[in-house]
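Structure record follows, encoded as structure tokens.
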Amino acid sequence: MTDSAQQQVAPATLKKVICAAAVGNFVEWFDFAVYGFLATTIAQQFFPSGDASAALLKTFAVFAVAFAFRPLGGIVFGMLGDRIGRKRVLAMTILLMAGATTLIGLLPTYAAIGVAAPLLLTLIRCAQGFSAGGEYAGACAYVMEHAPRTQRAWYGSFVPVSTFAAFASAAVIAFCLESALSAEAMGSWGWRVPFLIAAPLGIVGLYLRWRLDETPAFQAVTAEHSAEHSPLRETLRVQGRSMLMLGAFVSLTALSFYMFTTYFATYLQVAGGLSRASALLISVLALIFAAAICPLAGAFSDKVGRRTTMATAAIGLAVVVYPAFLLASSGVFIAAMVGVTLLATGAVLCGVVTAALLSEVFPTRTRYTASAITYNMAYTLFGGTAPLIATWLITQTGSSLSPAFYLIAVALLALIGGLCLPETAQVSLHGDPHPGNHTDSTAAMPG
């Protein structure tokens with residue numbers, strides 16, 4: 001099947017594809033986001049300590065440990081996705097995530113079973129991380145392999161829309177619970193509610209995904225090749241340079257995303273002195289704003305190209321991050337809102353162009369594997385550790401603005417990596433996007 005044929009996917013089918021990918025991705029990230037927004041409550045229930053900062057650090061450490069399993073999930077689900085198809089693997093990931101999140105809502109606390117409680121929490125969080133490792137890259141590939149070549153970033157932007165919407169929904173529920181319940185009720189049972197919502201959401205997402213067909217690109221490459229997709233070692237050897245360069249840019253996507261979506265709710269309280277309710281409200285408003293501008297960022301990337309978008313995102317974040325942290329630490333609601341919005345804009349631009357690049361940089365036969373490994377390694381090293389490193393930097397330096405300099409350094413790394421990649425906005429997703437970039441003859445094989 002040619003790329004021109006790919007562009008003839010019916011509009012009704014495209015809508016169903018976007019809906020299934022977005023709703024399923026929403027479920028995945030709603031489940032993952034709840035933990036971050038309830039970090040202070042979870043710290044009290046699972047890591048009781050006379051030192052509130054130490055308990056919070058332990059809670060964020062468990063957050064980071066879950067990310068250690070994302071590359072493993074990326075390898076396993078990526079190879080499965082390149083072997084048996086995108087649709088089946090995306091059904092597996094949503095089942096695993098929804099089941100694990102529901103179990104967190106049912107866990108006994110430290111007061112009930114002692115040290116077994118944080119151990120079980122860590123184990124379940126690892127299962128969540130393993131599941132998340134196969135989700136995002138697969139959802140992006142599923143949409144991109146259906147979308148017309150000239151509008152891939154725009155169509156793909158609805159995957160990050162669902163991610164930001166998931167975090168916004170998690171923040172809304174956390175905000176409503178904080179506002180409606182007493183501290184005693186919140187600690188007793190209120191914190192469990194968002195986790196238990198995962199069960200019905202997971203069923204809905206599974207239903208939508210299971211009804212769709214496999215992507216045209218995967219069907220075509222399956223028909224053309226009797227052999228399986230390239231093995232992991234071959235994928236790393238042939239695609240290694242592209243994975244490294246893209247990973248450098250995705251590191252900024254990961255760091256800015258988790259600084260903005262997860263850590264800032266805590267930062268506004270700790271550094272800015274705002275109440276938990278005010279911090280969550282700011283997060284909700286900023287997340288809604290982020291979701292709303294994702295399609296605009298996609299249209300921008302389709303118009304100017306991926307390299308210009310990456311440069312704009314990296315330079316823009318490096319410029320605005322210091323004033324963003326300064327405003328967010330002011331303790332003034334409006335100023336904090338402006339600060340978070342500045343960071344959100346850069347995070348959105350990074351996220352939208354990353355969604356396109358994950359599919360455009362790699363050939364069909366190894367797209368799921370290579371993109372999942374790249375994405376999850378970057379998110380493990382820079383995303384999962386973001387709250388932990390930010391908290392540690394503030395503790396070590398005594399400056400609430402120290403995380404801003406960390407993000408600036410990563411932005412410069414991302415700029416270098418991004419500019420080392422070729423322009424991919426108009427490449428075909430059927431076959432090897434850049435056969436001329438590889439010295440190995442196997443790289444030029446179609447699909």
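Letters for chains follow the order of the structure tokens (A, B, ...), residue numbers begin at 1 for each chain, and ligand numbers begin at 1 in the order shown.
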Original post:
Which residues come within 7 Å of A:Val23, counting only C-alpha atoms, excluding same-chain residues fewer than 4 positions away, as a PyMOL selection string?
Top reply: chain A and resi 19+27+162+205
Would you mind exporting C-alpha atoms of the selected residues as a PDB file, in the first residue's frame?
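Final output, saved to selection_32.pdb:
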```
ATOM      1  CA  CYS A  19     -11.516   8.687  19.648  1.00  0.00           C
ATOM      2  CA  VAL A  27      -7.624   6.274  30.859  1.00  0.00           C
ATOM      3  CA  SER A 162      -6.219  13.400  25.932  1.00  0.00           C
ATOM      4  CA  GLY A 205     -11.483   2.338  26.728  1.00  0.00           C
TER       5      GLY A 205
END
```
Subject >> alpha helix (DSSP H) per DSSP on the backbone: members of stretch 264-399 of chain A, as a PyMOL selection string >> reply: chain A and resi 264-270+276-304+306-328+333-360+367-378+386-397
**OP:** Name all residues at most 12 Å from A:Arg70 (count only C-alpha atoms; drop same-chain ones fewer than 3 positions away) and give them as a VMD selection string.
**Re:** chain A and resid 63 to 67 73 to 78 93 125 to 137 372 to 381 383 to 384
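Taking only C-alpha atoms into account, A:Ala168 lies nearest to A:Leu287 out of the set A:Val361, A:Leu287, A:Val353, A:Ala390.
Residues in contact with A:Ala414 at up to 8 Å, not including ones fewer than 4 positions away on its chain and judged by only C-alpha atoms, are Ala248, Phe249, Val250, Ser251, Leu252, Ala314, Val410 and Gly418 of chain A.
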Just the selected residues (C-alpha atoms), exported as a JSON list (two decimals), in the first residue's frame, please.
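Dumped everything to selection-v9.json:
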```json
[["chain", "number", "residue", "atom", "x", "y", "z"],
["A", 248, "ALA", "CA", 17.68, 13.98, 23.67],
["A", 249, "PHE", "CA", 14.72, 16.07, 22.56],
["A", 250, "VAL", "CA", 12.14, 13.87, 24.29],
["A", 251, "SER", "CA", 14.06, 14.44, 27.54],
["A", 252, "LEU", "CA", 12.79, 18.04, 27.47],
["A", 314, "ALA", "CA", 13.55, 24.31, 23.33],
["A", 410, "VAL", "CA", 17.96, 20.01, 29.56],
["A", 418, "GLY", "CA", 16.56, 17.92, 17.87]]
```
Original post:
Taking only C-alpha atoms into account, which of A:Val348, A:Leu412, A:Leu95, A:Leu212 comes nearest A:Thr163?
Top reply: A:Val348
Original post:
What's the 12 Å shell around A:Leu296, counting only C-alpha atoms, without same-chain residues fewer than 4 positions away, as a VMD selection string?
Top reply: chain A and resid 151 153 to 158 161 289 to 292 300 to 303 345 348 to 349 352 to 353
**OP:** Do a neighbour search on A:Val193 at 8 Å with only C-alpha atoms, toss out local chain neighbours closer than 4 positions, and write the hits as number ranges by chain.
**Re:** A: 105, 189, 197
Restricted to C-alpha atoms, what would the selected residues look like written as a short mmCIF file (atom, residue, chain, number, x, y, z; two decimals), in the first residue's frame?
```cif
data_model
loop_
_atom_site.label_atom_id
_atom_site.label_comp_id
_atom_site.auth_asym_id
_atom_site.auth_seq_id
_atom_site.Cartn_x
_atom_site.Cartn_y
_atom_site.Cartn_z
CA GLY A 105 -7.67 2.14 45.60
CA TRP A 189 -11.50 6.92 52.32
CA ILE A 197 -12.82 5.16 39.03
#
```
Original post:
What is the distance between atom CA of A:Ile315 and atom CA of A:Ile408, in Å to one decimal?
Top reply: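 Taking atom CA of A:Ile315 and atom CA of A:Ile408, their separation equals 8.9 Å.
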**OP:** Find the spatial neighbours of stretch 270-276 of chain A, counting only C-alpha atoms, within a cut-off of 12 Å - ignore same-chain residues fewer than 4 positions away - and output them as a VMD selection string.
**Re:** chain A and resid 37 to 41 52 to 53 56 171 174 to 179 183 263 to 266 280 to 283 325 to 337 339 390 to 391 394 to 395 398 to 403
Subject >> For atom CA of A:Val321 and atom CA of A:Ala404, the interatomic separation in Å (one decimal) >> reply: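 Distance between the two atoms: 5.7 Å.
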